[in-house]
file protein15.tsv (TSV, C-alpha atoms and all ligand atoms)
chain	number	residue	atom	x	y	z
J	1	GLU	CA	145.47	54.76	13.67
J	2	THR	CA	145.99	57.67	15.99
J	3	ALA	CA	147.32	57.17	19.50
J	4	GLY	CA	144.02	58.64	20.76
J	5	GLN	CA	141.94	55.98	19.02
J	6	LEU	CA	144.20	53.25	20.34
J	7	ASP	CA	143.87	54.61	23.87
J	8	THR	CA	140.06	54.72	23.67
J	9	GLU	CA	139.94	51.18	22.34
J	10	GLN	CA	142.27	49.87	25.07
J	11	THR	CA	140.36	51.70	27.80
J	12	MET	CA	137.11	50.16	26.55
J	13	GLN	CA	138.72	46.72	26.65
J	14	GLN	CA	139.97	47.30	30.19
J	15	ASP	CA	136.47	48.39	31.17
J	16	GLY	CA	135.19	44.98	30.13
J	17	TYR	CA	133.68	45.81	26.74
J	18	ILE	CA	134.17	43.38	23.89
J	19	VAL	CA	135.85	45.33	21.10
J	20	VAL	CA	134.56	44.38	17.64
J	21	GLY	CA	135.93	45.79	14.40
J	22	TYR	CA	133.41	45.62	11.58
J	23	VAL	CA	134.85	45.90	8.06
J	24	GLN	CA	131.93	46.84	5.82
J	25	VAL	CA	131.78	46.72	1.99
J	26	GLY	CA	130.65	50.33	1.44
J	27	SER	CA	127.39	52.21	1.09
J	28	GLU	CA	126.42	51.17	-2.42
J	29	SER	CA	122.81	50.14	-1.76
J	30	ASP	CA	119.73	50.45	0.47
J	31	TRP	CA	120.44	46.89	1.62
J	32	ARG	CA	123.89	47.98	2.77
J	33	THR	CA	122.48	50.95	4.73
J	34	THR	CA	120.19	48.59	6.65
J	35	ASN	CA	123.01	46.11	7.21
J	36	THR	CA	125.29	48.82	8.64
J	37	GLN	CA	122.50	50.07	10.88
J	38	SER	CA	121.87	46.53	12.09
J	39	PHE	CA	125.49	46.33	13.34
J	40	LYS	CA	125.26	49.75	14.99
J	41	ASP	CA	122.00	48.76	16.73
J	42	VAL	CA	123.25	45.41	17.99
J	43	PHE	CA	126.88	46.11	18.92
J	44	THR	CA	126.15	48.85	21.45
J	45	GLN	CA	127.87	49.68	24.73
J	46	GLU	CA	124.58	48.84	26.43
J	47	ASN	CA	125.02	45.30	25.09
J	48	GLY	CA	128.64	45.20	26.26
J	49	TYR	CA	130.39	46.03	23.00
J	50	TYR	CA	132.62	48.73	21.60
J	51	LEU	CA	132.20	48.80	17.82
J	52	ILE	CA	134.86	50.12	15.48
J	53	PHE	CA	133.25	50.64	12.08
J	54	GLU	CA	135.46	50.55	8.97
J	55	ASP	CA	134.04	51.43	5.54
J	56	GLY	CA	135.74	49.67	2.61
J	57	GLN	CA	134.15	52.02	0.03
J	58	GLN	CA	133.80	49.11	-2.41
J	59	LYS	CA	137.60	48.56	-2.57
J	60	GLN	CA	139.28	45.39	-1.34
J	61	GLU	CA	142.55	47.26	-0.67
J	62	ASN	CA	140.70	49.53	1.80
J	63	GLN	CA	139.31	46.48	3.57
J	64	VAL	CA	142.77	44.90	3.82
J	65	LYS	CA	144.16	48.13	5.28
J	66	ALA	CA	141.28	48.31	7.77
J	67	ILE	CA	141.93	44.73	8.93
J	68	ARG	CA	145.60	45.57	9.50
J	69	ASN	CA	144.58	48.60	11.59
J	70	LEU	CA	142.25	46.46	13.66
J	71	ILE	CA	145.05	43.95	14.26
J	72	LEU	CA	147.30	46.81	15.45
J	73	GLN	CA	144.53	47.91	17.79
J	74	GLU	CA	144.34	44.37	19.22
J	75	VAL	CA	140.56	44.20	18.90
J	76	ASP	CA	138.79	41.14	20.31
J	77	TYR	CA	136.99	40.18	17.08
J	78	ILE	CA	137.09	41.16	13.43
J	79	VAL	CA	133.88	40.89	11.43
J	80	LEU	CA	134.53	41.06	7.70
J	81	ASP	CA	132.09	41.42	4.80
J	82	PRO	CA	134.47	40.62	1.94
J	83	ILE	CA	133.82	42.68	-1.22
J	84	VAL	CA	135.13	39.84	-3.41
J	85	GLU	CA	135.70	36.16	-2.66
J	86	THR	CA	139.43	35.85	-3.33
J	87	GLY	CA	142.68	37.39	-2.10
J	88	TRP	CA	142.21	37.21	1.67
J	89	GLU	CA	144.76	34.59	2.75
J	90	SER	CA	147.68	36.77	3.76
J	91	VAL	CA	145.78	39.35	5.79
J	92	LEU	CA	143.71	36.67	7.50
J	93	GLU	CA	146.96	34.82	8.32
J	94	GLU	CA	148.07	38.01	10.07
J	95	ALA	CA	144.84	38.09	12.09
J	96	LYS	CA	145.27	34.42	12.97
J	97	GLU	CA	148.86	34.99	14.12
J	98	ALA	CA	147.62	37.86	16.29
J	99	GLY	CA	145.05	35.48	17.80
J	100	ILE	CA	142.04	37.52	16.65
J	101	PRO	CA	139.03	35.49	15.52
J	102	VAL	CA	137.54	36.57	12.17
J	103	ILE	CA	133.83	36.15	11.49
J	104	LEU	CA	132.66	36.55	7.90
J	105	SER	CA	129.29	38.24	7.43
J	106	ASP	CA	127.06	38.41	4.31
J	107	ARG	CA	129.54	37.66	1.48
J	108	ARG	CA	131.93	34.76	1.58
J	109	ALA	CA	135.68	34.46	1.12
J	110	GLU	CA	137.23	31.48	-0.66
J	111	MET	CA	140.45	30.05	0.75
J	112	GLU	CA	142.14	26.68	0.98
J	113	ASP	CA	142.73	26.93	4.71
J	114	ASP	CA	139.34	27.50	6.28
J	115	SER	CA	140.90	27.77	9.74
J	116	LEU	CA	141.61	31.39	8.75
J	117	TYR	CA	138.05	32.30	9.75
J	118	THR	CA	135.87	31.13	12.60
J	119	CYS	CA	132.57	31.02	10.75
J	120	TRP	CA	130.42	32.68	8.12
J	121	VAL	CA	126.91	34.11	8.53
J	122	GLY	CA	124.90	35.12	5.46
J	123	SER	CA	122.62	34.33	2.53
J	124	ASP	CA	122.45	31.37	0.19
J	125	PHE	CA	123.00	33.46	-2.94
J	126	ALA	CA	122.90	30.50	-5.35
J	127	GLU	CA	119.55	29.44	-3.92
J	128	GLU	CA	118.26	33.00	-4.45
J	129	GLY	CA	119.34	32.79	-8.12
J	130	ARG	CA	117.73	29.35	-8.59
J	131	ASN	CA	114.52	30.58	-6.98
J	132	ALA	CA	114.40	33.47	-9.43
J	133	GLY	CA	114.80	31.03	-12.33
J	134	HIS	CA	112.06	28.71	-11.08
J	135	TRP	CA	109.76	31.65	-10.45
J	136	LEU	CA	110.22	32.75	-14.08
J	137	GLU	CA	109.46	29.22	-15.32
J	138	ASN	CA	106.18	29.19	-13.37
J	139	TYR	CA	105.25	32.69	-14.40
J	140	LEU	CA	105.74	31.99	-18.10
J	141	GLU	CA	103.83	28.74	-17.79
J	142	LYS	CA	100.87	30.52	-16.18
J	143	GLN	CA	100.92	33.03	-19.03
J	144	GLY	CA	100.90	30.21	-21.56
J	145	ARG	CA	104.32	31.29	-22.83
J	146	SER	CA	106.35	28.25	-21.82
J	147	GLY	CA	107.52	27.30	-25.31
J	148	GLU	CA	108.17	30.85	-26.51
J	149	THR	CA	111.60	32.34	-27.03
J	150	VAL	CA	112.42	34.57	-24.07
J	151	HIS	CA	115.18	37.17	-24.36
J	152	ILE	CA	116.91	37.95	-21.08
J	153	VAL	CA	119.52	40.49	-19.99
J	154	SER	CA	121.31	40.37	-16.67
J	155	LEU	CA	122.54	43.25	-14.54
J	156	GLN	CA	125.18	41.65	-12.40
J	157	GLY	CA	126.52	42.79	-9.06
J	158	THR	CA	130.17	43.54	-8.30
J	159	LEU	CA	132.08	40.89	-10.27
J	160	GLY	CA	133.79	38.37	-8.03
J	161	SER	CA	131.54	39.05	-5.03
J	162	SER	CA	129.77	36.00	-3.71
J	163	ALA	CA	126.39	37.75	-4.08
J	164	GLN	CA	127.12	38.12	-7.81
J	165	ILE	CA	128.65	34.67	-8.30
J	166	GLY	CA	125.86	32.87	-6.45
J	167	ARG	CA	122.97	34.69	-8.10
J	168	THR	CA	124.47	34.45	-11.60
J	169	ASP	CA	125.28	30.74	-11.23
J	170	GLY	CA	121.99	29.84	-9.53
J	171	PHE	CA	119.94	31.49	-12.28
J	172	ALA	CA	122.21	29.99	-14.96
J	173	GLU	CA	121.35	26.48	-13.73
J	174	VAL	CA	117.68	27.08	-14.55
J	175	LEU	CA	118.53	28.95	-17.75
J	176	GLN	CA	120.37	25.87	-19.02
J	177	GLN	CA	117.27	23.75	-18.46
J	178	ASN	CA	115.13	26.05	-20.65
J	179	GLU	CA	116.30	25.83	-24.24
J	180	ASN	CA	114.04	28.65	-25.37
J	181	TRP	CA	115.53	31.16	-22.90
J	182	VAL	CA	118.23	33.29	-24.54
J	183	MET	CA	120.67	35.24	-22.37
J	184	LEU	CA	121.43	38.22	-24.60
J	185	GLU	CA	124.08	39.73	-22.34
J	186	ARG	CA	125.33	39.94	-18.78
J	187	GLN	CA	127.08	43.06	-17.50
J	188	SER	CA	127.99	44.36	-14.08
J	189	GLY	CA	126.28	47.42	-12.63
J	190	ASP	CA	128.39	47.13	-9.46
J	191	PHE	CA	125.27	46.99	-7.24
J	192	THR	CA	124.63	50.74	-7.66
J	193	GLN	CA	121.62	52.60	-9.04
J	194	ALA	CA	123.69	54.88	-11.31
J	195	LYS	CA	125.61	51.99	-12.90
J	196	GLY	CA	122.42	49.92	-13.20
J	197	GLN	CA	120.78	52.73	-15.15
J	198	GLU	CA	123.82	53.19	-17.39
J	199	VAL	CA	124.13	49.50	-18.26
J	200	MET	CA	120.38	49.10	-18.84
J	201	LYS	CA	120.43	52.11	-21.19
J	202	GLU	CA	123.17	50.37	-23.18
J	203	PHE	CA	121.21	47.11	-23.28
J	204	LEU	CA	118.12	48.93	-24.56
J	205	GLU	CA	120.12	50.61	-27.30
J	206	LYS	CA	121.62	47.27	-28.36
J	207	TYR	CA	118.61	44.96	-28.11
J	208	GLU	CA	115.07	45.69	-29.24
J	209	ASP	CA	113.58	42.46	-27.99
J	210	ILE	CA	114.32	42.27	-24.25
J	211	ASP	CA	111.57	40.33	-22.43
J	212	VAL	CA	113.14	39.86	-19.00
J	213	VAL	CA	115.65	41.78	-16.90
J	214	ILE	CA	117.26	39.91	-14.06
J	215	SER	CA	118.92	42.46	-11.85
J	216	GLU	CA	121.13	41.26	-9.02
J	217	ASN	CA	120.06	43.96	-6.54
J	218	ASP	CA	117.26	46.44	-5.99
J	219	ASN	CA	119.30	49.60	-6.47
J	220	MET	CA	120.42	48.52	-9.95
J	221	THR	CA	116.77	47.68	-10.57
J	222	PHE	CA	115.69	51.21	-9.66
J	223	GLY	CA	118.23	52.53	-12.17
J	224	ALA	CA	117.02	50.03	-14.78
J	225	ILE	CA	113.40	51.12	-14.32
J	226	GLU	CA	114.45	54.73	-15.01
J	227	ALA	CA	116.33	53.68	-18.14
J	228	ILE	CA	113.39	51.62	-19.44
J	229	ARG	CA	110.98	54.52	-18.89
J	230	GLU	CA	113.35	56.97	-20.57
J	231	ALA	CA	113.54	54.63	-23.57
J	232	GLY	CA	109.74	54.74	-23.79
J	233	ARG	CA	109.32	51.03	-23.03
J	234	THR	CA	106.75	49.57	-20.66
J	235	ILE	CA	107.20	47.30	-17.65
J	236	GLY	CA	105.12	44.68	-15.88
J	237	SER	CA	102.75	41.86	-16.74
J	238	ASP	CA	100.93	44.02	-19.34
J	239	GLY	CA	104.10	45.70	-20.58
J	240	ASP	CA	107.07	44.71	-22.78
J	241	ILE	CA	109.58	43.87	-20.08
J	242	ILE	CA	109.35	42.04	-16.78
J	243	ILE	CA	111.89	42.61	-14.03
J	244	LEU	CA	113.19	40.18	-11.43
J	245	SER	CA	115.25	41.62	-8.62
J	246	PHE	CA	117.10	40.68	-5.41
J	247	ASP	CA	117.14	42.15	-1.88
J	248	ALA	CA	113.47	43.09	-1.31
J	249	VAL	CA	114.07	46.46	0.34
J	250	ARG	CA	111.13	48.73	1.10
J	251	ASP	CA	111.11	50.73	-2.14
J	252	ALA	CA	111.33	47.51	-4.11
J	253	LEU	CA	108.30	46.08	-2.31
J	254	LYS	CA	106.45	49.28	-3.26
J	255	ALA	CA	107.60	48.76	-6.85
J	256	ILE	CA	106.07	45.27	-6.74
J	257	GLN	CA	102.79	46.85	-5.64
J	258	THR	CA	102.84	49.22	-8.62
J	259	GLY	CA	103.75	46.36	-10.95
J	260	ASP	CA	107.23	47.63	-11.86
J	261	ILE	CA	109.00	44.64	-10.31
J	262	ALA	CA	107.46	41.23	-10.97
J	263	ALA	CA	109.27	39.31	-8.23
J	264	ASP	CA	111.97	40.05	-5.68
J	265	PHE	CA	114.14	37.46	-3.96
J	266	GLU	CA	114.95	38.49	-0.46
J	267	CYS	CA	118.46	38.94	0.86
J	268	ASN	CA	118.21	39.38	4.59
J	269	PRO	CA	120.37	42.35	5.72
J	270	LEU	CA	119.95	41.63	9.43
J	271	THR	CA	123.09	39.56	9.90
J	272	ALA	CA	124.25	41.40	13.03
J	273	PRO	CA	122.02	39.52	15.54
J	274	LEU	CA	123.43	36.18	14.35
J	275	VAL	CA	126.99	37.49	14.46
J	276	GLU	CA	126.39	38.78	17.98
J	277	GLU	CA	124.96	35.45	19.11
J	278	THR	CA	128.04	33.76	17.63
J	279	ILE	CA	130.37	36.05	19.60
J	280	ARG	CA	128.41	35.40	22.79
J	281	ARG	CA	128.82	31.66	22.27
J	282	LEU	CA	132.52	31.98	21.59
J	283	GLU	CA	132.91	34.08	24.73
J	284	ALA	CA	131.17	31.30	26.67
J	285	GLY	CA	133.64	28.79	25.23
J	286	GLU	CA	130.96	27.08	23.12
J	287	SER	CA	131.49	25.83	19.59
J	288	VAL	CA	129.72	27.47	16.65
J	289	GLU	CA	128.51	26.24	13.26
J	290	LYS	CA	131.01	27.03	10.50
J	291	ILE	CA	128.27	28.01	7.99
J	292	GLN	CA	125.15	29.82	9.21
J	293	TYR	CA	122.38	30.88	6.82
J	294	VAL	CA	119.96	33.72	7.51
J	295	GLU	CA	116.27	33.14	6.75
J	296	GLU	CA	114.93	34.42	3.43
J	297	THR	CA	111.85	34.37	1.25
J	298	TYR	CA	110.54	36.06	-1.92
J	299	PHE	CA	107.75	38.46	-2.84
J	300	ASP	CA	105.85	38.83	-6.10
J	301	CYS	CA	103.12	40.69	-7.94
J	302	GLU	CA	100.45	38.20	-6.90
J	303	MET	CA	100.91	38.91	-3.19
J	304	ASP	CA	99.26	41.58	-1.07
J	305	LEU	CA	102.22	43.32	0.54
J	306	SER	CA	100.41	46.13	2.35
J	307	GLU	CA	100.61	44.59	5.85
J	308	LEU	CA	104.22	43.63	5.39
J	309	LEU	CA	105.07	47.17	4.29
J	310	GLU	CA	103.56	48.51	7.50
J	311	SER	CA	105.68	46.36	9.77
J	312	ARG	CA	108.93	45.88	7.85
J	313	PRO	CA	111.59	48.21	9.19
J	314	TYR	CA	113.64	48.39	5.98
O	401	LIG	O1	126.13	41.21	-0.48
O	401	LIG	C1	124.80	41.55	-0.49
O	401	LIG	C2	124.51	42.42	-1.68
O	401	LIG	O2	125.34	43.56	-1.61
O	401	LIG	C3	123.10	42.98	-1.76
O	401	LIG	O3	122.30	42.28	-2.63
O	401	LIG	C4	123.36	44.30	-2.39
O	401	LIG	O4	122.29	45.18	-2.37
O	401	LIG	C5	124.58	44.72	-1.73
O	401	LIG	O5	125.21	45.76	-2.31
call {"tool": "encode", "arguments": {"input": "protein15.tsv", "output": "structure tokens"}}
result
Amino acid sequence: ETAGQLDTEQTMQQDGYIVVGYVQVGSESDWRTTNTQSFKDVFTQENGYYLIFEDGQQKQENQVKAIRNLILQEVDYIVLDPIVETGWESVLEEAKEAGIPVILSDRRAEMEDDSLYTCWVGSDFAEEGRNAGHWLENYLEKQGRSGETVHIVSLQGTLGSSAQIGRTDGFAEVLQQNENWVMLERQSGDFTQAKGQEVMKEFLEKYEDIDVVISENDNMTFGAIEAIREAGRTIGSDGDIIILSFDAVRDALKAIQTGDIAADFECNPLTAPLVEETIRRLEAGESVEKIQYVEETYFDCEMDLSELLESRPY
């Protein structure tokens, strides 16, 4: 950190602002763009905050370095969205020793000593995965295809991230209960559109009989749709392949309307208001819940989404 940055940060603190360092995952998806904006909108000087934004660019080592910088700057709070679940103990020990509370947002971090973070605010990823599985069960039943063999491929998110682990495991629970569902292959597309397209292309070259794609975020789904079209295959209830996705960003809701996505399980990107409320409580000396879930739902091809699309900001 430059001396200039340190000076600005210390002046802001002296002026009574609460200095918050936000360590973001990267900018891999539309969801992420909205999540970043949500922090910039909420942690404003008008609201009494000075936000230092750190971009991890999808690399844990960058996030660790950013946390160390924030400790050096003696910020008041560190908010961390951990790219992967493991490997955080030593740097969070350093934050604890410096007396800086760490709030986890969106993804989780696994550690034996949970006193290394104050609380976590985010999605129930395993529930999202289970919901996708149950939705597929119902859909196939309505189509009279319950007993049929169903071939599935999975585009996974960044391996080791809690969004990937939860969605994969949640869906796998339902998969195990359906003997006629066959998981042909799971592969990571790292939550990006380009990687999603690449992996889907590979799947299509390897397997002729894919019935269902379960894609662990919307951007990989957009890439997968491209790959399916390029391969000359059709999508949707009248087509060869049906797609289930996660996030429910704007373009994905539009893709539900056109029939390209069959169902989308929401991941709420607006974690910043809950994090801010948590900080306010801590400042007031109140206790906070260790685990805080954001509200989420799902959307599918049987719903009329036009009103929602008018009002939804992302
Ligand atoms: O951690 C949340 C996930 O990360 C979202 O599903 C995805 O779009 C993002 O990259």
call {"tool": "closest_atom_pairs", "arguments": {"input": "protein15.tsv", "of": "chain J", "to": "ligand LIG 401 (chain O)", "cutoff": "7 Å", "atoms": "all atoms listed in the file", "output": "Markdown table"}}
result
| residue | atom | partner | partner_atom | distance |
| --- | --- | --- | --- | --- |
| J:Glu28 | CA | O:LIG401 | O5 | 5.5 |
| J:Ser29 | CA | O:LIG401 | O4 | 5.0 |
| J:Asp30 | CA | O:LIG401 | O4 | 6.5 |
| J:Trp31 | CA | O:LIG401 | O4 | 4.7 |
| J:Arg32 | CA | O:LIG401 | C5 | 5.6 |
| J:Asp106 | CA | O:LIG401 | O1 | 5.6 |
| J:Arg107 | CA | O:LIG401 | O1 | 5.3 |
| J:Ala163 | CA | O:LIG401 | O1 | 5.0 |
| J:Phe191 | CA | O:LIG401 | O5 | 5.1 |
| J:Glu216 | CA | O:LIG401 | O3 | 6.6 |
| J:Asn217 | CA | O:LIG401 | O3 | 4.8 |
| J:Asp218 | CA | O:LIG401 | O4 | 6.3 |
| J:Asn219 | CA | O:LIG401 | O4 | 6.7 |
| J:Phe246 | CA | O:LIG401 | O3 | 6.1 |
| J:Asp247 | CA | O:LIG401 | O3 | 5.2 |
| J:Cys267 | CA | O:LIG401 | O3 | 6.2 |
call {"tool": "residues_near_point", "arguments": {"input": "protein15.tsv", "point": "(124.2, 35.0, 11.3)", "cutoff": "7 Å", "atoms": "only C-alpha atoms", "output": "ChimeraX atom specification"}}
result
/J:121-122,271-275,292-294
call {"tool": "closest_residue", "arguments": {"input": "protein15.tsv", "among": "J:Gln177, J:Gln156, J:Thr168, J:Ser90", "to": "Ala126 (chain J)", "atoms": "all atoms listed in the file"}}
result
J:Thr168
call {"tool": "atom_distance", "arguments": {"input": "protein15.tsv", "atom1": "CA of Thr234 (chain J)", "atom2": "CA of Gly259 (chain J)"}}
result
10.7 Å
call {"tool": "closest_residue", "arguments": {"input": "protein15.tsv", "among": "J:Glu276, J:Asp238, J:Glu97, J:Glu185", "to": "Val19 (chain J)", "atoms": "only C-alpha atoms"}}
result
J:Glu276
call {"tool": "closest_residue", "arguments": {"input": "protein15.tsv", "among": "J:Arg108, J:Lys142, J:Lys290, J:Lys201", "to": "Gln164 (chain J)", "atoms": "only C-alpha atoms"}}
result
J:Arg108
call {"tool": "residues_around", "arguments": {"input": "protein15.tsv", "residues": "Gly160 (chain J)", "least_positions_apart": "6", "cutoff": "9 Å", "atoms": "only C-alpha atoms", "output": "ChimeraX atom specification"}}
result
/J:83-86
call {"tool": "residues_near_point", "arguments": {"input": "protein15.tsv", "point": "(142.0, 40.8, 3.5)", "cutoff": "8 Å", "atoms": "only C-alpha atoms", "output": "list of chain:residue names"}}
result
J:Gln60, J:Glu61, J:Gln63, J:Val64, J:Lys65, J:Ile67, J:Pro82, J:Gly87, J:Trp88, J:Glu89, J:Ser90, J:Val91, J:Leu92
call {"tool": "residues_around", "arguments": {"input": "protein15.tsv", "residues": "region 57-59 of chain J", "least_positions_apart": "2", "cutoff": "6 Å", "atoms": "only C-alpha atoms", "output": "VMD selection string"}}
result
chain J and resid 25 to 26 55 61 to 62
call {"tool": "closest_residue", "arguments": {"input": "protein15.tsv", "among": "J:Ala248, J:Ala263, J:Met12, J:Leu159", "to": "Asn138 (chain J)", "atoms": "all atoms listed in the file"}}
result
J:Ala263
call {"tool": "residues_around", "arguments": {"input": "protein15.tsv", "residues": "region 113-120 of chain J", "least_positions_apart": "6", "cutoff": "6 Å", "atoms": "only C-alpha atoms", "output": "short mmCIF file (atom, residue, chain, number, x, y, z; two decimals) with C-alpha atoms, keeping the file's coordinate frame"}}
result
data_model
loop_
_atom_site.label_atom_id
_atom_site.label_comp_id
_atom_site.auth_asym_id
_atom_site.auth_seq_id
_atom_site.Cartn_x
_atom_site.Cartn_y
_atom_site.Cartn_z
CA LEU J 92 143.71 36.67 7.50
CA VAL J 102 137.54 36.57 12.17
CA ILE J 103 133.83 36.15 11.49
CA LEU J 104 132.66 36.55 7.90
CA SER J 105 129.29 38.24 7.43
CA LYS J 290 131.01 27.03 10.50
CA ILE J 291 128.27 28.01 7.99
#
call {"tool": "closest_residue", "arguments": {"input": "protein15.tsv", "among": "J:Tyr17, J:Tyr22, J:Tyr77, J:Phe222", "to": "Tyr50 (chain J)", "atoms": "all atoms listed in the file"}}
result
J:Tyr17
call {"tool": "closest_residue", "arguments": {"input": "protein15.tsv", "among": "J:Gln13, J:Thr36, J:Thr297, J:Ser123", "to": "Tyr49 (chain J)", "atoms": "all atoms listed in the file"}}
result
J:Gln13
call {"tool": "atom_distance", "arguments": {"input": "protein15.tsv", "atom1": "CA of Gly4 (chain J)", "atom2": "CA of Pro101 (chain J)"}}
result
24.3 Å
call {"tool": "atom_distance", "arguments": {"input": "protein15.tsv", "atom1": "CA of Thr44 (chain J)", "atom2": "CA of Pro269 (chain J)"}}
result
18.0 Å
call {"tool": "residues_around", "arguments": {"input": "protein15.tsv", "residues": "Ile71 (chain J)", "least_positions_apart": "5", "cutoff": "8 Å", "atoms": "only C-alpha atoms", "output": "VMD selection string"}}
result
chain J and resid 94 to 95 98 100
call {"tool": "build_atoms", "arguments": {"input": "protein15.tsv", "residues": "region 113-130 of chain J", "atoms": "N, CA and C atoms", "output": "PDB file, in the frame of the given file"}}
result
ATOM      1  N   ASP J 113     142.658  27.215   3.287  1.00  0.00           N
ATOM      2  CA  ASP J 113     142.730  26.930   4.710  1.00  0.00           C
ATOM      3  C   ASP J 113     141.560  27.618   5.432  1.00  0.00           C
ATOM      4  N   ASP J 114     140.508  26.833   5.700  1.00  0.00           N
ATOM      5  CA  ASP J 114     139.340  27.500   6.280  1.00  0.00           C
ATOM      6  C   ASP J 114     139.477  27.729   7.791  1.00  0.00           C
ATOM      7  N   SER J 115     140.680  27.422   8.326  1.00  0.00           N
ATOM      8  CA  SER J 115     140.900  27.770   9.740  1.00  0.00           C
ATOM      9  C   SER J 115     141.221  29.265   9.863  1.00  0.00           C
ATOM     10  N   LEU J 116     141.306  29.957   8.706  1.00  0.00           N
ATOM     11  CA  LEU J 116     141.610  31.390   8.750  1.00  0.00           C
ATOM     12  C   LEU J 116     140.401  32.228   9.171  1.00  0.00           C
ATOM     13  N   TYR J 117     139.211  31.597   9.184  1.00  0.00           N
ATOM     14  CA  TYR J 117     138.050  32.300   9.750  1.00  0.00           C
ATOM     15  C   TYR J 117     137.271  31.362  10.651  1.00  0.00           C
ATOM     16  N   THR J 118     136.596  31.952  11.622  1.00  0.00           N
ATOM     17  CA  THR J 118     135.870  31.130  12.600  1.00  0.00           C
ATOM     18  C   THR J 118     134.592  30.578  12.005  1.00  0.00           C
ATOM     19  N   CYS J 119     133.818  31.462  11.376  1.00  0.00           N
ATOM     20  CA  CYS J 119     132.570  31.020  10.750  1.00  0.00           C
ATOM     21  C   CYS J 119     132.072  32.092   9.793  1.00  0.00           C
ATOM     22  N   TRP J 120     131.025  31.741   9.066  1.00  0.00           N
ATOM     23  CA  TRP J 120     130.420  32.680   8.120  1.00  0.00           C
ATOM     24  C   TRP J 120     128.911  32.706   8.368  1.00  0.00           C
ATOM     25  N   VAL J 121     128.346  33.919   8.316  1.00  0.00           N
ATOM     26  CA  VAL J 121     126.910  34.110   8.530  1.00  0.00           C
ATOM     27  C   VAL J 121     126.354  34.890   7.344  1.00  0.00           C
ATOM     28  N   GLY J 122     125.412  34.347   6.605  1.00  0.00           N
ATOM     29  CA  GLY J 122     124.900  35.120   5.460  1.00  0.00           C
ATOM     30  C   GLY J 122     123.855  34.376   4.654  1.00  0.00           C
ATOM     31  N   SER J 123     123.693  34.826   3.398  1.00  0.00           N
ATOM     32  CA  SER J 123     122.620  34.330   2.530  1.00  0.00           C
ATOM     33  C   SER J 123     123.103  33.211   1.622  1.00  0.00           C
ATOM     34  N   ASP J 124     122.150  32.374   1.197  1.00  0.00           N
ATOM     35  CA  ASP J 124     122.450  31.370   0.190  1.00  0.00           C
ATOM     36  C   ASP J 124     122.172  32.011  -1.176  1.00  0.00           C
ATOM     37  N   PHE J 125     123.192  32.672  -1.722  1.00  0.00           N
ATOM     38  CA  PHE J 125     123.000  33.460  -2.940  1.00  0.00           C
ATOM     39  C   PHE J 125     122.629  32.578  -4.145  1.00  0.00           C
ATOM     40  N   ALA J 126     123.206  31.384  -4.208  1.00  0.00           N
ATOM     41  CA  ALA J 126     122.900  30.500  -5.350  1.00  0.00           C
ATOM     42  C   ALA J 126     121.437  30.067  -5.294  1.00  0.00           C
ATOM     43  N   GLU J 127     120.954  29.826  -4.097  1.00  0.00           N
ATOM     44  CA  GLU J 127     119.550  29.440  -3.920  1.00  0.00           C
ATOM     45  C   GLU J 127     118.639  30.606  -4.360  1.00  0.00           C
ATOM     46  N   GLU J 128     119.039  31.827  -4.018  1.00  0.00           N
ATOM     47  CA  GLU J 128     118.260  33.000  -4.450  1.00  0.00           C
ATOM     48  C   GLU J 128     118.170  33.025  -5.983  1.00  0.00           C
ATOM     49  N   GLY J 129     119.301  32.779  -6.646  1.00  0.00           N
ATOM     50  CA  GLY J 129     119.340  32.790  -8.120  1.00  0.00           C
ATOM     51  C   GLY J 129     118.477  31.679  -8.714  1.00  0.00           C
ATOM     52  N   ARG J 130     118.559  30.474  -8.116  1.00  0.00           N
ATOM     53  CA  ARG J 130     117.730  29.350  -8.590  1.00  0.00           C
ATOM     54  C   ARG J 130     116.251  29.662  -8.399  1.00  0.00           C
TER      55      ARG J 130
END
